[in-house]
>>> print(open('data12.csv').read())   # CSV, C-alpha atoms
chain,number,residue,atom,x,y,z
A,60,SER,CA,160.8,149.5,38.3
A,61,ILE,CA,163.3,146.9,37.4
A,62,GLU,CA,161.5,146.0,34.2
A,63,SER,CA,161.3,149.7,33.1
A,64,ILE,CA,165.1,150.0,33.5
A,65,SER,CA,166.1,146.7,32.1
A,66,MET,CA,163.9,145.7,29.1
A,67,ASN,CA,163.0,149.2,28.0
A,68,THR,CA,166.5,150.4,28.4
A,69,PHE,CA,167.8,147.6,26.2
A,70,SER,CA,165.4,148.6,23.4
A,71,VAL,CA,166.7,152.1,22.8
A,72,SER,CA,169.3,152.8,20.1
A,73,SER,CA,172.6,153.8,21.7
A,74,VAL,CA,176.0,152.3,22.0
A,75,GLY,CA,175.5,148.6,22.5
A,76,SER,CA,171.8,148.7,22.7
A,77,THR,CA,171.1,147.4,19.2
A,78,VAL,CA,172.9,144.2,20.0
A,79,LEU,CA,170.9,143.8,23.2
A,80,ASP,CA,167.6,144.6,21.5
A,81,GLN,CA,168.2,141.9,18.9
A,82,ASN,CA,169.1,139.3,21.6
A,83,LYS,CA,166.6,139.9,24.4
A,84,GLN,CA,166.2,136.1,24.8
A,85,ASN,CA,169.8,135.9,25.8
A,86,ILE,CA,169.5,138.5,28.7
A,87,LEU,CA,169.0,137.3,32.3
A,88,GLU,CA,168.9,139.5,35.4
A,89,VAL,CA,171.2,137.8,38.0
A,90,HIS,CA,171.5,140.4,40.7
A,91,GLU,CA,169.3,143.3,42.0
A,92,GLY,CA,171.3,145.3,44.5
A,93,ASP,CA,170.7,148.5,46.5
A,94,THR,CA,172.3,150.6,43.8
A,95,THR,CA,173.0,148.4,40.8
A,96,ASN,CA,171.6,145.6,38.7
A,97,ILE,CA,173.7,143.0,36.9
A,98,PHE,CA,172.5,141.2,33.8
A,99,TYR,CA,174.0,138.1,32.2
A,100,PHE,CA,174.2,138.3,28.4
A,101,HIS,CA,175.1,135.3,26.3
A,102,ASP,CA,176.9,137.0,23.5
A,103,ALA,CA,176.7,134.2,20.9
A,104,ASP,CA,178.0,136.4,18.1
A,105,ASN,CA,180.7,137.9,20.2
A,106,LYS,CA,179.6,141.5,19.5
A,107,PHE,CA,181.1,142.8,22.7
A,108,GLY,CA,184.4,141.0,22.3
A,109,SER,CA,184.1,138.7,25.2
A,110,HIS,CA,186.7,135.9,25.5
A,111,ALA,CA,184.3,133.4,26.9
A,112,GLY,CA,181.2,134.3,24.9
A,113,SER,CA,179.2,135.8,27.9
A,114,VAL,CA,179.3,139.2,29.6
A,115,ALA,CA,178.0,140.9,32.7
A,116,ILE,CA,176.2,144.2,32.1
A,117,LYS,CA,176.1,146.4,35.2
A,118,LEU,CA,174.0,149.5,35.5
A,119,PRO,CA,172.2,151.6,38.1
A,120,ASN,CA,169.0,150.1,39.3
A,121,ASP,CA,167.0,153.3,39.4
A,122,GLU,CA,166.2,155.7,36.5
A,123,LEU,CA,166.9,158.5,39.0
A,124,PHE,CA,170.5,157.4,39.5
A,125,ASP,CA,172.8,159.9,41.1
A,126,ASN,CA,176.4,161.0,40.5
A,127,ASP,CA,177.7,158.6,43.2
A,128,GLN,CA,176.3,155.6,41.3
A,129,VAL,CA,177.9,156.8,38.1
A,130,THR,CA,181.2,157.5,39.8
A,131,ARG,CA,181.3,154.0,41.3
A,132,LEU,CA,180.5,152.4,37.9
A,133,LYS,CA,183.3,154.4,36.2
A,134,ASN,CA,185.7,153.6,39.0
A,135,GLU,CA,185.0,149.9,38.7
A,136,TYR,CA,185.6,150.1,34.9
A,137,THR,CA,188.8,152.2,35.4
A,138,VAL,CA,190.2,149.9,38.1
A,139,SER,CA,189.3,146.7,36.2
A,140,ARG,CA,191.1,148.1,33.1
A,141,HIS,CA,194.1,148.8,35.3
A,142,LEU,CA,194.0,145.2,36.5
A,143,SER,CA,193.6,143.7,33.0
A,144,GLN,CA,196.7,141.5,33.5
A,145,CYS,CA,195.4,140.3,36.8
A,146,ALA,CA,193.8,136.9,36.5
A,147,ALA,CA,191.9,137.4,39.8
A,148,VAL,CA,189.7,140.1,38.3
A,149,ARG,CA,187.2,139.8,35.4
A,150,SER,CA,188.2,141.9,32.4
A,151,ALA,CA,186.4,145.2,31.7
A,152,ILE,CA,185.2,145.2,28.1
A,153,SER,CA,183.5,148.6,27.5
A,154,GLU,CA,181.5,151.5,28.8
A,155,ILE,CA,178.1,151.9,27.2
A,156,GLU,CA,175.0,154.0,27.5
A,157,LEU,CA,171.5,152.6,27.4
A,158,ARG,CA,168.7,155.0,27.1
A,159,GLY,CA,170.8,157.6,28.8
A,160,VAL,CA,171.7,155.2,31.6
A,161,PRO,CA,175.5,154.5,31.9
A,162,ALA,CA,176.5,150.9,32.1
A,163,ILE,CA,179.7,148.9,32.0
A,164,VAL,CA,180.3,145.6,30.3
A,165,LEU,CA,182.5,143.0,32.0
A,166,GLU,CA,183.7,139.6,31.2
A,167,TRP,CA,181.3,137.1,32.8
A,168,ALA,CA,182.7,135.2,35.8
A,169,PRO,CA,181.2,131.7,36.1
A,170,GLY,CA,180.5,130.2,39.4
A,171,MET,CA,178.7,131.3,42.6
A,172,THR,CA,179.3,133.9,45.2
A,173,LEU,CA,181.5,132.8,48.1
A,174,GLY,CA,178.5,133.5,50.4
A,175,LYS,CA,176.4,130.9,48.5
A,176,TRP,CA,179.4,128.5,48.4
A,177,ILE,CA,179.7,128.7,52.2
A,178,SER,CA,176.0,128.0,52.7
A,179,CYS,CA,176.1,125.0,50.4
A,180,PHE,CA,179.3,123.7,51.8
A,181,HIS,CA,178.2,123.8,55.5
A,182,SER,CA,174.9,122.3,54.6
A,183,ASN,CA,176.5,119.3,52.9
A,184,MET,CA,179.9,118.9,54.6
A,185,GLN,CA,181.0,115.5,55.9
A,186,SER,CA,180.4,114.6,59.5
A,187,PRO,CA,183.7,114.1,61.4
A,188,VAL,CA,184.5,110.9,63.1
A,189,ILE,CA,183.9,111.4,66.8
A,190,THR,CA,186.5,110.1,69.1
A,191,GLU,CA,187.3,110.6,72.8
A,192,ASN,CA,189.8,113.3,72.0
A,193,VAL,CA,188.0,115.1,69.2
A,194,TYR,CA,185.2,117.6,69.8
A,195,PRO,CA,182.2,116.6,67.7
A,196,SER,CA,181.9,119.9,65.9
A,197,ILE,CA,185.5,120.0,64.7
A,198,LEU,CA,185.7,120.0,60.9
A,199,SER,CA,186.7,116.8,59.2
A,200,LYS,CA,190.1,116.5,57.6
A,201,ASP,CA,188.7,116.6,54.1
A,202,ASP,CA,186.5,119.6,54.9
A,203,MET,CA,189.4,121.4,56.5
A,204,SER,CA,191.6,120.8,53.5
A,205,THR,CA,188.9,122.1,51.1
A,206,ILE,CA,188.5,125.3,53.1
A,207,LEU,CA,192.2,125.8,53.5
A,208,ASN,CA,192.8,125.4,49.8
A,209,LEU,CA,190.0,127.9,48.9
A,210,ALA,CA,191.3,130.3,51.5
A,211,TRP,CA,194.8,130.1,49.9
A,212,ASN,CA,193.3,130.8,46.5
A,213,ILE,CA,191.4,133.8,47.8
A,214,SER,CA,194.5,135.1,49.6
A,215,LYS,CA,196.5,134.8,46.4
A,216,ALA,CA,193.8,136.7,44.5
A,217,ILE,CA,193.8,139.6,46.9
A,218,ALA,CA,197.7,139.6,47.0
A,219,ASP,CA,197.7,139.9,43.2
A,220,ILE,CA,195.4,142.9,43.4
A,221,HIS,CA,197.5,144.5,46.0
A,222,ASP,CA,200.7,143.8,44.1
A,223,ALA,CA,199.1,145.7,41.1
A,224,GLY,CA,198.7,148.8,43.3
A,225,VAL,CA,194.9,148.4,44.1
A,226,VAL,CA,193.0,148.0,47.4
A,227,HIS,CA,189.4,146.7,47.2
A,228,ASN,CA,187.9,148.5,50.2
A,229,ASN,CA,184.7,146.4,50.2
A,230,LEU,CA,185.7,142.7,50.5
A,231,THR,CA,182.7,140.5,51.4
A,232,THR,CA,181.6,137.0,50.6
A,233,GLU,CA,179.3,138.6,48.0
A,234,ASN,CA,182.2,140.1,46.1
A,235,ILE,CA,184.1,136.9,45.6
A,236,ILE,CA,183.1,134.4,42.9
A,237,VAL,CA,184.1,130.7,43.3
A,238,ASP,CA,184.0,128.3,40.5
A,239,ASP,CA,184.6,124.7,41.4
A,240,SER,CA,182.8,123.2,38.4
A,241,ASN,CA,185.9,121.7,36.8
A,242,GLU,CA,186.9,118.6,38.7
A,243,ASN,CA,190.3,118.4,36.9
A,244,THR,CA,191.5,121.8,38.0
A,245,SER,CA,191.7,123.7,41.3
A,246,VAL,CA,188.9,126.0,42.4
A,247,SER,CA,189.1,129.4,40.6
A,248,VAL,CA,188.4,132.7,42.3
A,249,LYS,CA,187.4,136.1,40.9
A,250,ILE,CA,187.2,139.3,42.9
A,251,ILE,CA,184.3,141.5,41.8
A,252,GLY,CA,182.5,144.6,43.1
A,253,LEU,CA,185.3,147.0,42.5
A,254,GLY,CA,183.2,150.2,42.7
A,255,SER,CA,184.8,151.2,46.0
A,256,ALA,CA,188.3,150.2,45.0
A,257,SER,CA,191.2,152.7,45.0
A,258,PHE,CA,194.8,153.0,44.0
A,259,GLN,CA,197.4,152.7,46.8
A,260,ASN,CA,199.1,155.8,48.0
A,261,ASN,CA,202.8,155.9,47.9
A,262,ASN,CA,203.0,157.2,51.5
A,263,ASN,CA,202.5,155.9,55.0
A,264,GLY,CA,198.7,155.4,54.3
A,265,LYS,CA,199.4,152.5,52.0
A,266,SER,CA,199.8,149.9,54.7
A,267,GLN,CA,196.6,151.2,56.4
A,268,MET,CA,194.7,150.8,53.2
A,269,ILE,CA,195.9,147.2,52.7
A,270,ARG,CA,195.2,146.5,56.4
A,271,LYS,CA,191.5,147.2,55.9
A,272,ASP,CA,191.4,144.6,53.1
A,273,LEU,CA,193.2,142.0,55.3
A,274,THR,CA,190.9,142.6,58.3
A,275,SER,CA,187.9,142.0,56.0
A,276,LEU,CA,189.6,138.9,54.7
A,277,GLY,CA,189.8,137.6,58.3
A,278,PHE,CA,186.0,138.1,58.6
A,279,ILE,CA,185.5,136.2,55.4
A,280,PHE,CA,187.7,133.3,56.6
A,281,PHE,CA,185.8,133.2,59.9
A,282,GLU,CA,182.6,132.7,57.9
A,283,MET,CA,184.2,130.0,55.7
A,284,PHE,CA,185.4,127.9,58.6
A,285,THR,CA,182.4,128.3,60.9
A,286,GLY,CA,179.5,128.9,58.5
A,287,GLN,CA,178.5,131.8,60.8
A,288,TYR,CA,178.5,135.6,60.3
A,289,PRO,CA,181.1,137.3,62.5
A,290,PHE,CA,178.7,140.2,62.9
A,291,GLN,CA,175.5,140.5,65.0
A,292,ALA,CA,173.5,140.1,61.8
A,293,LYS,CA,174.0,139.9,58.1
A,294,GLY,CA,174.7,143.4,56.7
A,295,GLU,CA,175.6,144.9,60.0
A,296,ASN,CA,179.0,146.1,61.1
A,297,THR,CA,178.8,145.2,64.8
A,298,LEU,CA,181.0,142.2,65.6
A,299,LEU,CA,180.1,139.4,67.9
A,300,SER,CA,181.8,139.7,71.2
A,301,PRO,CA,185.4,138.3,71.4
A,302,ASN,CA,184.2,135.4,73.5
A,303,GLN,CA,181.5,134.5,70.9
A,304,LEU,CA,184.0,134.7,68.1
A,305,ILE,CA,186.5,132.5,69.9
A,306,PHE,CA,183.8,130.0,70.8
A,307,GLU,CA,182.6,129.7,67.2
A,308,LEU,CA,186.1,129.2,65.9
A,309,THR,CA,187.3,126.7,68.5
A,310,CYS,CA,184.2,124.6,67.9
A,311,LYS,CA,185.3,124.2,64.3
A,312,VAL,CA,189.0,124.5,64.0
A,313,PRO,CA,192.2,123.6,65.9
A,314,LEU,CA,193.4,126.3,68.3
A,315,VAL,CA,196.4,127.2,66.2
A,316,ILE,CA,194.2,128.1,63.2
A,317,ALA,CA,191.7,129.9,65.5
A,318,LYS,CA,194.5,132.1,66.8
A,319,ILE,CA,195.7,132.9,63.3
A,320,LEU,CA,192.2,134.0,62.3
A,321,LEU,CA,191.7,136.1,65.4
A,322,HIS,CA,195.0,137.8,64.7
A,323,ILE,CA,193.9,138.6,61.1
A,324,MET,CA,190.6,139.9,62.4
A,325,GLU,CA,192.5,142.0,64.9
A,326,ILE,CA,190.4,140.7,67.8
A,327,GLY,CA,191.4,141.5,71.4
A,328,GLY,CA,194.7,140.2,72.6
A,329,TYR,CA,195.2,138.4,69.3
A,330,ASN,CA,196.0,141.7,67.6
A,331,HIS,CA,199.8,141.9,67.7
A,332,SER,CA,200.1,144.9,65.3
>>> encode(input="data12.csv", output="structure tokens")
Amino acid sequence: SIESISMNTFSVSSVGSTVLDQNKQNILEVHEGDTTNIFYFHDADNKFGSHAGSVAIKLPNDELFDNDQVTRLKNEYTVSRHLSQCAAVRSAISEIELRGVPAIVLEWAPGMTLGKWISCFHSNMQSPVITENVYPSILSKDDMSTILNLAWNISKAIADIHDAGVVHNNLTTENIIVDDSNENTSVSVKIIGLGSASFQNNNNGKSQMIRKDLTSLGFIFFEMFTGQYPFQAKGENTLLSPNQLIFELTCKVPLVIAKILLHIMEIGGYNHS
């Protein structure tokens, strides 16, 4: 069970577990995934060396974890260390073992997943002024500006990762953290979930590797602008029909932006590659 892995794991003497055992009140489970759990730990005494005073501890969610889960954890740690100078990625602090269960410690990234941000934004966004020449569902100017600014920040974050020689390979709205809590600064973005990431090849396959990330970015932008999944259902890989995608986009954004997004997503006649 989750409890047997989390609380009991944190009570066994091994690298890092003593600190956790003495501070159980500062541990909070924040994510239970198919293969991993993530815990938030407020490291008040900075035992792990966090810059912000809080860390994320990521470990397999099953005591019967397999080699693939371990490999993904180690890969995330290795890639994160490689990207240590990249502001778009949270820092990797250490690899630890808890009751024989491998785990990695990462700098905590404050904020919410982009998926949650999209849901909140589209639930609370402003209603546009309806005029004779404006379709009622078109995003308001302020809402459009907010999404475009965030899309730019996300694009810059992905570009920084690519410039550092890494491709993500699993870009989704759940692997992007958005922090808009500081009203005096622009929205910050962190790219997480690097278990599937890889280093770019120095051959003809490099552009194809990057292209996969960019196509995924197009799907993400579609969801940001429309509030809808571009797939038949959440978690599926079957896209909506081209006509459905075009309809959803043109109900929300001007045609010029719709065409750009369709091109990034490589949809039908809008794929000019």
>>> closest_residue(input="data12.csv", among="A:Leu132, A:Met184, A:Ile251, A:Cys145", to="A:Val160", atoms="only C-alpha atoms")
A:Leu132
>>> residues_around(input="data12.csv", residues="A:Leu273", least_positions_apart="4", cutoff="10 Å", atoms="all atoms listed in the file", output="PyMOL selection string")
chain A and resi 214+217-218+226+228+230+267-269+277-279+323-325
>>> atom_distance(input="data12.csv", atom1="atom CA of A:Ala115", atom2="atom CA of A:Asn241")
21.2 Å
>>> closest_residue(input="data12.csv", among="A:Gly254, A:Pro301, A:Gly294, A:Pro289", to="A:Thr95", atoms="all atoms listed in the file")
A:Gly254
>>> closest_residue(input="data12.csv", among="A:Tyr136, A:Gly252, A:Ser257, A:His181", to="A:Thr94", atoms="only C-alpha atoms")
A:Gly252
>>> atom_distance(input="data12.csv", atom1="atom CA of A:Asn120", atom2="atom CA of A:Gly159")
13.0 Å
>>> residues_around(input="data12.csv", residues="A:Val164", least_positions_apart="5", cutoff="6 Å", atoms="all atoms listed in the file", output="number ranges by chain")
A: 115-116, 152-153
>>> write_last_selection(input="data12.csv", atoms="C-alpha atoms", output="CSV table (one decimal), in the frame of the given file")
chain,number,residue,atom,x,y,z
A,115,ALA,CA,178.0,140.9,32.7
A,116,ILE,CA,176.2,144.2,32.1
A,152,ILE,CA,185.2,145.2,28.1
A,153,SER,CA,183.5,148.6,27.5
>>> atom_distance(input="data12.csv", atom1="atom CA of A:Lys265", atom2="atom CA of A:His322")
19.9 Å
>>> closest_residue(input="data12.csv", among="A:Leu198, A:Leu209, A:Leu321, A:Ala256", to="A:Val138", atoms="all atoms listed in the file")
A:Ala256
>>> closest_residue(input="data12.csv", among="A:Asp272, A:Thr309, A:Met283, A:Ser247", to="A:Gly170", atoms="all atoms listed in the file")
A:Ser247
>>> residues_near_point(input="data12.csv", point="(181.3, 135.5, 69.4)", cutoff="12 Å", atoms="only C-alpha atoms", output="JSON list (two decimals) with C-alpha atoms, in the coordinates of the input")
[["chain", "number", "residue", "atom", "x", "y", "z"],
["A", 281, "PHE", "CA", 185.80, 133.20, 59.90],
["A", 282, "GLU", "CA", 182.60, 132.70, 57.90],
["A", 285, "THR", "CA", 182.40, 128.30, 60.90],
["A", 287, "GLN", "CA", 178.50, 131.80, 60.80],
["A", 288, "TYR", "CA", 178.50, 135.60, 60.30],
["A", 289, "PRO", "CA", 181.10, 137.30, 62.50],
["A", 290, "PHE", "CA", 178.70, 140.20, 62.90],
["A", 291, "GLN", "CA", 175.50, 140.50, 65.00],
["A", 292, "ALA", "CA", 173.50, 140.10, 61.80],
["A", 297, "THR", "CA", 178.80, 145.20, 64.80],
["A", 298, "LEU", "CA", 181.00, 142.20, 65.60],
["A", 299, "LEU", "CA", 180.10, 139.40, 67.90],
["A", 300, "SER", "CA", 181.80, 139.70, 71.20],
["A", 301, "PRO", "CA", 185.40, 138.30, 71.40],
["A", 302, "ASN", "CA", 184.20, 135.40, 73.50],
["A", 303, "GLN", "CA", 181.50, 134.50, 70.90],
["A", 304, "LEU", "CA", 184.00, 134.70, 68.10],
["A", 305, "ILE", "CA", 186.50, 132.50, 69.90],
["A", 306, "PHE", "CA", 183.80, 130.00, 70.80],
["A", 307, "GLU", "CA", 182.60, 129.70, 67.20],
["A", 308, "LEU", "CA", 186.10, 129.20, 65.90],
["A", 309, "THR", "CA", 187.30, 126.70, 68.50],
["A", 310, "CYS", "CA", 184.20, 124.60, 67.90],
["A", 321, "LEU", "CA", 191.70, 136.10, 65.40],
["A", 326, "ILE", "CA", 190.40, 140.70, 67.80],
["A", 327, "GLY", "CA", 191.40, 141.50, 71.40]]
>>> closest_residue(input="data12.csv", among="A:Ser255, A:Met203, A:Val246, A:Asp93", to="A:Thr130", atoms="all atoms listed in the file")
A:Ser255
>>> residues_around(input="data12.csv", residues="A:His101", least_positions_apart="2", cutoff="7 Å", atoms="only C-alpha atoms", output="PyMOL selection string")
chain A and resi 85-86+99+103+112-114
>>> write_last_selection(input="data12.csv", atoms="C-alpha atoms", output="PDB file, in the frame of the given file")
ATOM      1  CA  ASN A  85     169.800 135.900  25.800  1.00  0.00           C
ATOM      2  CA  ILE A  86     169.500 138.500  28.700  1.00  0.00           C
ATOM      3  CA  TYR A  99     174.000 138.100  32.200  1.00  0.00           C
ATOM      4  CA  ALA A 103     176.700 134.200  20.900  1.00  0.00           C
ATOM      5  CA  GLY A 112     181.200 134.300  24.900  1.00  0.00           C
ATOM      6  CA  SER A 113     179.200 135.800  27.900  1.00  0.00           C
ATOM      7  CA  VAL A 114     179.300 139.200  29.600  1.00  0.00           C
TER       8      VAL A 114
END
>>> residues_around(input="data12.csv", residues="A:Asn96", least_positions_apart="4", cutoff="6 Å", atoms="only C-alpha atoms", output="short mmCIF file (atom, residue, chain, number, x, y, z; two decimals) with C-alpha atoms, in the coordinates of the input")
data_model
loop_
_atom_site.label_atom_id
_atom_site.label_comp_id
_atom_site.auth_asym_id
_atom_site.auth_seq_id
_atom_site.Cartn_x
_atom_site.Cartn_y
_atom_site.Cartn_z
CA HIS A 90 171.50 140.40 40.70
CA GLU A 91 169.30 143.30 42.00
CA GLY A 92 171.30 145.30 44.50
CA LYS A 117 176.10 146.40 35.20
CA LEU A 118 174.00 149.50 35.50
CA ASN A 120 169.00 150.10 39.30
#
